[in-house]
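Asks: Got a file for you: query.txt, compact mmCIF, C-alpha atoms.
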```txt
# COMPACT_ATOMS: atom_id res chain seq x y z
CA MET A 1 -2.28 -39.29 -36.66
CA THR A 2 1.40 -38.87 -35.64
CA GLU A 3 3.56 -36.36 -37.50
CA THR A 4 5.55 -39.11 -39.26
CA ALA A 5 2.35 -40.88 -40.35
CA LEU A 6 0.89 -37.58 -41.54
CA ILE A 7 4.01 -36.83 -43.59
CA LYS A 8 3.95 -40.32 -45.14
CA ALA A 9 0.27 -39.93 -46.04
CA LEU A 10 0.95 -36.49 -47.52
CA GLN A 11 3.81 -37.89 -49.56
CA ALA A 12 1.35 -40.48 -50.91
CA LYS A 13 -0.92 -37.53 -51.92
CA ASP A 14 -3.65 -38.66 -49.50
CA GLN A 15 -6.46 -36.06 -49.64
CA ALA A 16 -7.71 -36.79 -46.11
CA ALA A 17 -4.21 -36.21 -44.74
CA PHE A 18 -3.96 -32.95 -46.65
CA LYS A 19 -7.29 -31.80 -45.20
CA GLU A 20 -6.04 -32.67 -41.71
CA LEU A 21 -2.83 -30.71 -42.34
CA VAL A 22 -4.74 -27.63 -43.55
CA GLU A 23 -7.14 -27.76 -40.60
CA SER A 24 -4.27 -28.10 -38.12
CA TYR A 25 -2.02 -25.40 -39.56
CA GLN A 26 -4.32 -22.88 -41.30
CA GLN A 27 -4.54 -20.65 -38.23
CA ILE A 28 -0.79 -20.38 -37.60
CA VAL A 29 -0.05 -19.87 -41.29
CA PHE A 30 -2.76 -17.22 -41.73
CA ASN A 31 -1.82 -15.41 -38.52
CA THR A 32 1.88 -15.28 -39.41
CA VAL A 33 1.25 -14.12 -42.96
CA LEU A 34 -1.37 -11.59 -41.87
CA SER A 35 0.97 -10.08 -39.28
CA ILE A 36 3.58 -9.51 -41.98
CA VAL A 37 1.45 -8.38 -44.96
CA GLN A 38 -1.30 -6.68 -42.89
CA GLN A 39 -4.06 -7.18 -45.48
CA GLU A 40 -6.65 -9.90 -44.82
CA GLN A 41 -7.50 -10.84 -48.42
CA GLU A 42 -3.85 -10.91 -49.50
CA ALA A 43 -2.97 -12.92 -46.38
CA GLU A 44 -5.59 -15.53 -47.27
CA ASP A 45 -4.31 -15.83 -50.85
CA ILE A 46 -0.71 -16.16 -49.64
CA SER A 47 -1.75 -18.75 -47.02
CA GLN A 48 -3.36 -20.80 -49.79
CA GLU A 49 -0.13 -20.59 -51.77
CA VAL A 50 1.74 -21.82 -48.68
CA PHE A 51 -0.39 -24.99 -48.55
CA ILE A 52 -0.05 -25.52 -52.30
CA GLN A 53 3.72 -25.27 -51.85
CA VAL A 54 3.55 -27.78 -48.98
CA TYR A 55 1.49 -30.18 -51.15
CA ILE A 56 4.01 -29.90 -54.02
CA SER A 57 7.21 -30.01 -51.95
CA ILE A 58 6.27 -32.58 -49.28
CA ALA A 59 7.80 -35.34 -51.42
CA SER A 60 11.22 -33.74 -50.96
CA PHE A 61 10.73 -32.97 -47.24
CA ARG A 62 13.57 -34.85 -45.49
CA GLN A 63 12.32 -34.32 -41.91
CA ASP A 64 15.52 -32.52 -40.86
CA ALA A 65 13.20 -30.09 -39.10
CA LYS A 66 9.74 -30.44 -37.58
CA LEU A 67 6.80 -30.11 -39.97
CA SER A 68 5.62 -26.94 -38.19
CA THR A 69 9.08 -25.35 -38.52
CA TRP A 70 9.10 -26.12 -42.24
CA ILE A 71 5.59 -24.69 -42.72
CA TYR A 72 6.47 -21.52 -40.75
CA ARG A 73 9.53 -21.14 -43.01
CA ILE A 74 7.42 -21.37 -46.17
CA ALA A 75 4.85 -18.96 -44.73
CA THR A 76 7.40 -16.27 -43.76
CA THR A 77 9.25 -16.63 -47.09
CA LYS A 78 6.04 -16.25 -49.12
CA ALA A 79 4.90 -13.26 -47.06
CA LEU A 80 8.27 -11.52 -47.42
CA ASP A 81 8.28 -12.27 -51.18
CA TRP A 82 4.89 -10.59 -51.47
CA GLU A 83 6.20 -7.56 -49.56
CA ARG A 84 9.25 -7.29 -51.84
CA LYS A 85 7.06 -7.42 -54.95
CA LYS A 86 4.78 -4.77 -53.47
CA ARG A 87 7.73 -2.50 -52.68
CA THR A 88 9.05 -2.87 -56.24
CA LYS A 89 5.60 -2.07 -57.65
CA LYS A 90 5.36 0.98 -55.39
CA ARG A 91 8.78 2.27 -56.47
CA PHE A 92 7.91 1.70 -60.12
CA GLY A 93 4.62 3.57 -59.62
CA LYS A 94 6.45 6.52 -58.08
CA ILE A 95 8.96 6.64 -60.96
CA LEU A 96 6.15 6.50 -63.52
CA ASN A 97 4.33 9.28 -61.69
CA ILE A 98 7.46 11.46 -61.83
CA PHE A 99 8.19 10.90 -65.53
CA GLY A 100 4.91 10.01 -67.11
CA GLY A 101 2.43 11.79 -64.91
CA ASP A 102 0.08 8.84 -65.26
CA ASN A 103 -1.12 9.35 -61.69
CA LEU A 104 -0.78 5.65 -60.91
CA PRO A 105 -1.92 4.91 -57.37
CA VAL A 106 1.04 4.47 -55.00
CA ASP A 107 -0.65 1.83 -52.88
CA ASP A 108 0.02 2.68 -49.21
CA LEU A 109 -1.34 0.39 -46.52
CA ALA A 110 -4.34 1.58 -44.56
CA ASP A 111 -4.24 1.32 -40.76
CA PHE A 112 -4.31 -2.35 -39.87
CA ASN A 113 -6.36 -3.75 -37.02
CA HIS A 114 -5.32 -7.26 -36.11
CA PRO A 115 -8.53 -9.14 -35.23
CA GLY A 116 -6.89 -10.91 -32.29
CA VAL A 117 -5.85 -7.79 -30.36
CA GLN A 118 -7.71 -7.08 -27.12
CA MET A 119 -10.19 -4.20 -27.36
CA GLU A 120 -8.34 -1.91 -24.92
CA ASN A 121 -5.08 -2.32 -26.89
CA LYS A 122 -6.52 -1.69 -30.38
CA GLU A 123 -5.21 1.87 -30.74
CA HIS A 124 -1.71 1.05 -29.56
CA ALA A 125 -1.56 -2.13 -31.65
CA THR A 126 -2.51 -0.21 -34.81
CA LEU A 127 0.42 2.13 -34.23
CA LEU A 128 2.72 -0.82 -33.51
CA PHE A 129 1.75 -2.65 -36.73
CA LYS A 130 2.32 0.54 -38.73
CA SER A 131 5.83 0.86 -37.27
CA LEU A 132 6.46 -2.84 -37.83
CA GLN A 133 6.19 -2.31 -41.61
CA ALA A 134 9.40 -0.28 -41.61
CA LEU A 135 11.55 -2.90 -39.88
CA PRO A 136 14.20 -4.89 -41.79
CA GLU A 137 12.97 -8.38 -42.77
CA ASN A 138 14.87 -10.40 -40.13
CA GLN A 139 13.79 -8.13 -37.30
CA LYS A 140 10.20 -8.16 -38.50
CA VAL A 141 10.05 -11.97 -38.76
CA ALA A 142 11.65 -12.41 -35.31
CA PHE A 143 9.21 -9.92 -33.75
CA VAL A 144 6.15 -11.53 -35.40
CA LEU A 145 7.14 -15.08 -34.45
CA ILE A 146 8.00 -14.22 -30.84
CA LYS A 147 5.54 -11.48 -29.92
CA ILE A 148 2.56 -12.34 -32.12
CA GLU A 149 2.86 -16.09 -32.71
CA GLY A 150 4.15 -16.64 -29.16
CA LEU A 151 7.07 -18.88 -30.12
CA ASN A 152 10.23 -19.07 -28.02
CA TYR A 153 13.72 -18.03 -29.14
CA GLN A 154 14.80 -21.62 -29.86
CA GLN A 155 11.81 -22.31 -32.15
CA THR A 156 12.28 -18.94 -33.87
CA SER A 157 15.98 -19.62 -34.48
CA GLU A 158 15.09 -22.97 -36.10
CA ILE A 159 12.52 -21.32 -38.38
CA MET A 160 14.91 -18.52 -39.30
CA ASN A 161 17.73 -21.04 -39.71
CA THR A 162 20.03 -19.12 -37.39
CA THR A 163 21.29 -19.14 -33.79
CA VAL A 164 19.40 -18.14 -30.66
CA LYS A 165 21.97 -15.33 -30.13
CA ALA A 166 21.16 -13.94 -33.57
CA VAL A 167 17.42 -13.98 -32.82
CA GLU A 168 18.07 -12.16 -29.53
CA ALA A 169 20.02 -9.54 -31.47
CA TYR A 170 17.21 -9.17 -34.03
CA MET A 171 14.67 -8.70 -31.23
CA HIS A 172 16.86 -6.15 -29.43
CA ARG A 173 17.32 -4.12 -32.62
CA ALA A 174 13.65 -4.49 -33.52
CA LYS A 175 12.61 -2.99 -30.18
CA ILE A 176 15.05 -0.07 -30.56
CA ASN A 177 13.84 0.63 -34.09
CA LEU A 178 10.20 0.40 -33.04
CA GLN A 179 10.81 2.79 -30.14
CA LYS A 180 12.43 5.29 -32.54
CA ARG A 181 9.60 5.10 -35.05
CA ILE A 182 6.83 5.24 -32.47
CA SER A 183 8.47 8.26 -30.75
CA LYS A 184 8.60 10.08 -34.10
CA SER A 185 4.91 9.54 -34.81
CA MET B 1 0.85 16.45 -32.31
CA LYS B 2 0.61 14.39 -29.16
CA LYS B 3 4.07 13.60 -27.79
CA ILE B 4 4.60 9.92 -27.06
CA TYR B 5 6.68 9.38 -23.94
CA SER B 6 9.01 6.44 -23.39
CA LYS B 7 6.63 4.71 -20.94
CA ASN B 8 3.92 4.99 -23.55
CA VAL B 9 6.29 3.59 -26.22
CA ASP B 10 6.83 0.47 -24.12
CA GLU B 11 3.07 0.16 -23.65
CA ILE B 12 2.62 0.35 -27.41
CA ILE B 13 5.24 -2.37 -28.00
CA GLU B 14 3.63 -4.57 -25.35
CA SER B 15 0.12 -4.00 -26.78
CA VAL B 16 0.31 -7.31 -28.65
CA GLU B 17 0.79 -9.26 -25.39
CA GLY B 18 -1.97 -11.84 -25.11
CA ILE B 19 -2.95 -11.42 -28.76
CA GLN B 20 -5.21 -14.17 -30.15
CA ARG B 21 -4.43 -15.84 -33.47
CA ALA B 22 -6.47 -14.54 -36.40
CA ASN B 23 -8.69 -17.06 -38.19
CA PRO B 24 -8.95 -17.36 -41.97
CA SER B 25 -12.42 -17.42 -43.56
CA PRO B 26 -14.58 -20.50 -42.82
CA TYR B 27 -14.33 -21.61 -46.46
CA PHE B 28 -10.54 -21.55 -46.49
CA TYR B 29 -10.15 -25.26 -47.33
CA ALA B 30 -12.87 -25.17 -50.02
CA LYS B 31 -11.25 -22.13 -51.66
CA LEU B 32 -7.84 -23.81 -51.47
CA MET B 33 -9.15 -26.98 -53.16
CA HIS B 34 -10.81 -24.87 -55.87
CA LYS B 35 -7.52 -23.07 -56.52
CA MET B 36 -5.63 -26.38 -56.65
CA ASN B 37 -8.16 -27.88 -59.09
CA ILE B 38 -7.77 -24.89 -61.41
CA MET B 39 -3.99 -25.24 -61.22
CA GLU B 40 -4.16 -28.96 -61.97
CA GLU B 41 -6.38 -28.33 -65.03
CA LYS B 42 -3.93 -25.75 -66.30
CA HIS B 43 -0.99 -28.08 -65.85
CA SER B 44 -2.71 -31.21 -67.17
CA PRO B 45 -0.82 -32.90 -70.04
CA SER B 46 -1.65 -31.80 -73.57
CA PHE B 47 -4.13 -33.70 -75.80
CA LEU B 48 -1.35 -35.74 -77.45
CA PHE B 49 0.13 -36.97 -74.14
CA GLN B 50 -3.22 -38.33 -72.94
CA PHE B 51 -2.74 -41.41 -75.18
CA LYS B 52 -0.34 -44.31 -74.76
CA PRO B 53 3.09 -43.69 -76.36
CA VAL B 54 2.69 -46.78 -78.60
CA LEU B 55 -0.50 -45.36 -80.08
CA VAL B 56 1.01 -41.90 -80.58
CA ILE B 57 4.11 -43.37 -82.28
CA GLY B 58 1.91 -45.61 -84.49
CA VAL B 59 -0.30 -42.71 -85.63
CA LEU B 60 2.75 -40.51 -86.29
CA THR B 61 4.40 -43.34 -88.32
CA VAL B 62 1.26 -43.76 -90.48
CA ILE B 63 1.08 -39.99 -91.09
CA PHE B 64 4.79 -39.93 -91.97
CA ALA B 65 4.41 -42.92 -94.36
CA MET B 66 1.42 -41.30 -96.10
CA ASN B 67 3.38 -38.08 -96.52
CA ALA B 68 6.38 -39.95 -97.96
CA PHE B 69 4.13 -41.93 -100.35
CA LEU B 70 2.37 -38.80 -101.61
CA LEU B 71 5.68 -36.99 -102.05
CA ILE B 72 7.19 -39.85 -104.10
CA LYS B 73 4.00 -40.16 -106.17
CA GLN B 74 3.96 -36.42 -106.87
CA THR B 75 7.63 -36.47 -107.96
CA ASN B 76 6.97 -39.37 -110.37
CA THR B 77 3.94 -37.60 -111.87
CA LYS B 78 6.08 -34.50 -112.44
CA HIS B 79 8.74 -36.52 -114.31
CA GLN B 80 6.08 -38.19 -116.46
CA SER B 81 4.42 -34.91 -117.40
CA GLN B 82 7.82 -33.44 -118.37
CA ALA B 83 8.41 -36.50 -120.62
CA VAL B 84 4.98 -36.07 -122.23
CA VAL B 85 5.66 -32.39 -122.95
CA ALA B 86 9.05 -33.28 -124.49
CA ASN B 87 7.40 -36.03 -126.52
CA LYS B 88 4.71 -33.66 -127.77
CA ALA B 89 7.35 -31.12 -128.89
CA SER B 90 9.28 -33.72 -130.90
CA THR B 91 6.02 -34.93 -132.58
CA VAL B 92 5.19 -31.39 -133.72
CA ASN B 93 8.72 -30.93 -135.13
CA ASP B 94 8.58 -34.27 -136.99
CA PHE B 95 5.21 -33.37 -138.48
CA SER B 96 6.33 -29.91 -139.64
CA SER B 97 9.53 -31.24 -141.23
CA GLU B 98 7.66 -34.05 -142.98
CA TYR B 99 5.22 -31.64 -144.66
CA ASN B 100 7.91 -29.06 -145.21
CA LEU B 101 6.28 -26.59 -142.90
CA ASN B 102 9.47 -25.47 -141.18
CA THR B 103 9.21 -21.86 -140.19
CA THR B 104 12.82 -21.02 -141.10
CA THR B 105 12.71 -17.88 -143.18
CA VAL B 106 15.58 -16.60 -145.30
CA TYR B 107 15.50 -12.94 -146.22
```
Kindly transcribe the structure held in the file into structure tokens.
Replies:
Amino acid sequence: MTETALIKALQAKDQAAFKELVESYQQIVFNTVLSIVQQEQEAEDISQEVFIQVYISIASFRQDAKLSTWIYRIATTKALDWERKKRTKKRFGKILNIFGGDNLPVDDLADFNHPGVQMENKEHATLLFKSLQALPENQKVAFVLIKIEGLNYQQTSEIMNTTVKAVEAYMHRAKINLQKRISKS
Amino acid sequence: MKKIYSKNVDEIIESVEGIQRANPSPYFYAKLMHKMNIMEEKHSPSFLFQFKPVLVIGVLTVIFAMNAFLLIKQTNTKHQSQAVVANKASTVNDFSSEYNLNTTTVY
């Protein structure tokens, strides 16, 4: 099925088309979300929410961008939203621990092992993903899309709704920040 | 602590070169459909909206008419009972005055 035909079928709420969409895009959505949130179960839940959002919003999809670009956009937005909520919860937990002494768990991420990393790189990749958590959102998204998803600068700029120059700047700063953090560890 | 040199830092950054995409669980689609079904059930229209608007309006009109009828009937009954009470009071007064049983006492 061509992309236009798939979009038309999705807009008509065709279940077979939706199944085809999920089967075609589940890997890229899950991999992108997992690389940002770094927790497999949470990544799967967020990926499901991405497809639910696609199912709901496809009627208003005007095809200004490619379907994959639009899905990547939803995936990165949902993953970053989850991170923001988690940060807020963590801060709130810390404040409660200071004032109330409730000993609420301040949920820190355990070391993350991406299942797609080659065996000989596992140790280094764990350290890299830990450092990646501290990057500003734009730098993190650019790094994930280019280095982990393997997209080029043009595709990344379309997903991030910015220019190629801006993506280059994000990547440059991301590498500097990662070098700083890794050197400190 | 082991010092990480700049060459090593670059190696760490490049450690994701050639990374394979991670796969979700094999039941991803089934779980997604289950989640969507639950959501649809939650957002399904309420009991009242499952019927045709004409039927809903008809039933509501009948209920409204019955309410209005009962209200009017109750009001009428109240007026009648007040009249009966007033009537009873005047009958007692007439009877007492006729037999000179007025309770007016002069000390």
Asks: May I have a table of the residues of chain A lying at most 9 Å from chain B, giving each one's closest pair of atoms and their distance in Å to one decimal, counting only C-alpha atoms, ordered by chain and ascending residue number, as a Markdown table?
Replies:
```
| residue | atom | partner | partner_atom | distance |
| --- | --- | --- | --- | --- |
| A:Lys19 | CA | B:Tyr29 | CA | 7.4 |
| A:Val22 | CA | B:Tyr29 | CA | 7.0 |
| A:Glu23 | CA | B:Tyr29 | CA | 7.8 |
| A:Gln26 | CA | B:Pro24 | CA | 7.2 |
| A:Gln27 | CA | B:Asn23 | CA | 5.5 |
| A:Ile28 | CA | B:Arg21 | CA | 7.1 |
| A:Phe30 | CA | B:Pro24 | CA | 6.2 |
| A:Asn31 | CA | B:Ala22 | CA | 5.2 |
| A:Thr32 | CA | B:Arg21 | CA | 8.7 |
| A:Leu34 | CA | B:Ala22 | CA | 8.0 |
| A:Glu40 | CA | B:Pro24 | CA | 8.3 |
| A:Ala43 | CA | B:Pro24 | CA | 8.7 |
| A:Glu44 | CA | B:Pro24 | CA | 6.5 |
| A:Asp45 | CA | B:Leu32 | CA | 8.7 |
| A:Ser47 | CA | B:Pro24 | CA | 8.9 |
| A:Gln48 | CA | B:Leu32 | CA | 5.7 |
| A:Glu49 | CA | B:Leu32 | CA | 8.4 |
| A:Phe51 | CA | B:Leu32 | CA | 8.1 |
| A:Ile52 | CA | B:Met36 | CA | 7.1 |
| A:His114 | CA | B:Ala22 | CA | 7.4 |
| A:Pro115 | CA | B:Ala22 | CA | 5.9 |
| A:Gly116 | CA | B:Gln20 | CA | 4.2 |
| A:Val117 | CA | B:Ile19 | CA | 4.9 |
| A:Gln118 | CA | B:Ile19 | CA | 6.6 |
| A:Glu120 | CA | B:Ser15 | CA | 8.9 |
| A:Asn121 | CA | B:Ser15 | CA | 5.5 |
| A:Lys122 | CA | B:Ser15 | CA | 7.9 |
| A:Glu123 | CA | B:Ile12 | CA | 8.6 |
| A:His124 | CA | B:Ile12 | CA | 4.9 |
| A:Ala125 | CA | B:Ser15 | CA | 5.5 |
| A:Leu127 | CA | B:Ile12 | CA | 7.4 |
| A:Leu128 | CA | B:Ile12 | CA | 6.2 |
| A:Lys147 | CA | B:Val16 | CA | 6.8 |
| A:Ile148 | CA | B:Val16 | CA | 6.5 |
| A:Glu149 | CA | B:Arg21 | CA | 7.3 |
| A:Gly150 | CA | B:Gly18 | CA | 8.8 |
| A:Lys175 | CA | B:Ile13 | CA | 7.7 |
| A:Leu178 | CA | B:Ile13 | CA | 7.6 |
| A:Gln179 | CA | B:Val9 | CA | 6.0 |
| A:Lys180 | CA | B:Val9 | CA | 9.0 |
| A:Ile182 | CA | B:Val9 | CA | 6.5 |
| A:Ser183 | CA | B:Ile4 | CA | 5.6 |
| A:Lys184 | CA | B:Ile4 | CA | 8.1 |
| A:Ser185 | CA | B:Ile4 | CA | 7.8 |
```
Asks: Hey, which of A:Trp70, A:Thr77, A:Glu20, A:Glu42 ends up closest to A:Ala5? Count all atoms listed in the file.
Replies: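 Closest residue, counting all atoms listed in the file: A:Glu20.
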Asks: Could you tell me how far atom CA of A:Ile7 lies from atom CA of A:Ala59, in Å and to one decimal?
Replies: 8.8 Å
Asks: What is the distance, in Å and to one decimal place, between atom CA of A:Thr76 and atom CA of A:Val141?
Replies: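 Here the two named atoms are 7.1 Å from each other.
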Asks: Take the point (3.2, -38.0, -39.2) as written in the file and pick out every residue within 12 Å of it, counting only C-alpha atoms; give the list as a list in words.
Replies: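 Protein and nucleic acid residues near the point are Met1, Thr2, Glu3, Thr4, Ala5, Leu6, Ile7, Lys8, Ala9, Leu10, Gln11, Ala17, Phe18, Glu20, Leu21, Ile58, Gln63, Lys66, Leu67 and Ser68 of chain A.
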Asks: For atom CA of A:Val144 and atom CA of A:Asp81, quote the distance in Å rounded to one decimal.
Replies: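 Atom-to-atom, atom CA of A:Val144 to atom CA of A:Asp81, that is 15.9 Å.
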Asks: Tell me which of A:Gln38, A:Asn152, A:Ile56, A:Arg91 sits closest to B:Glu40, counting all atoms listed in the file.
Replies: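 Comparing A:Gln38, A:Asn152, A:Ile56, A:Arg91 against B:Glu40, the winner is A:Ile56.
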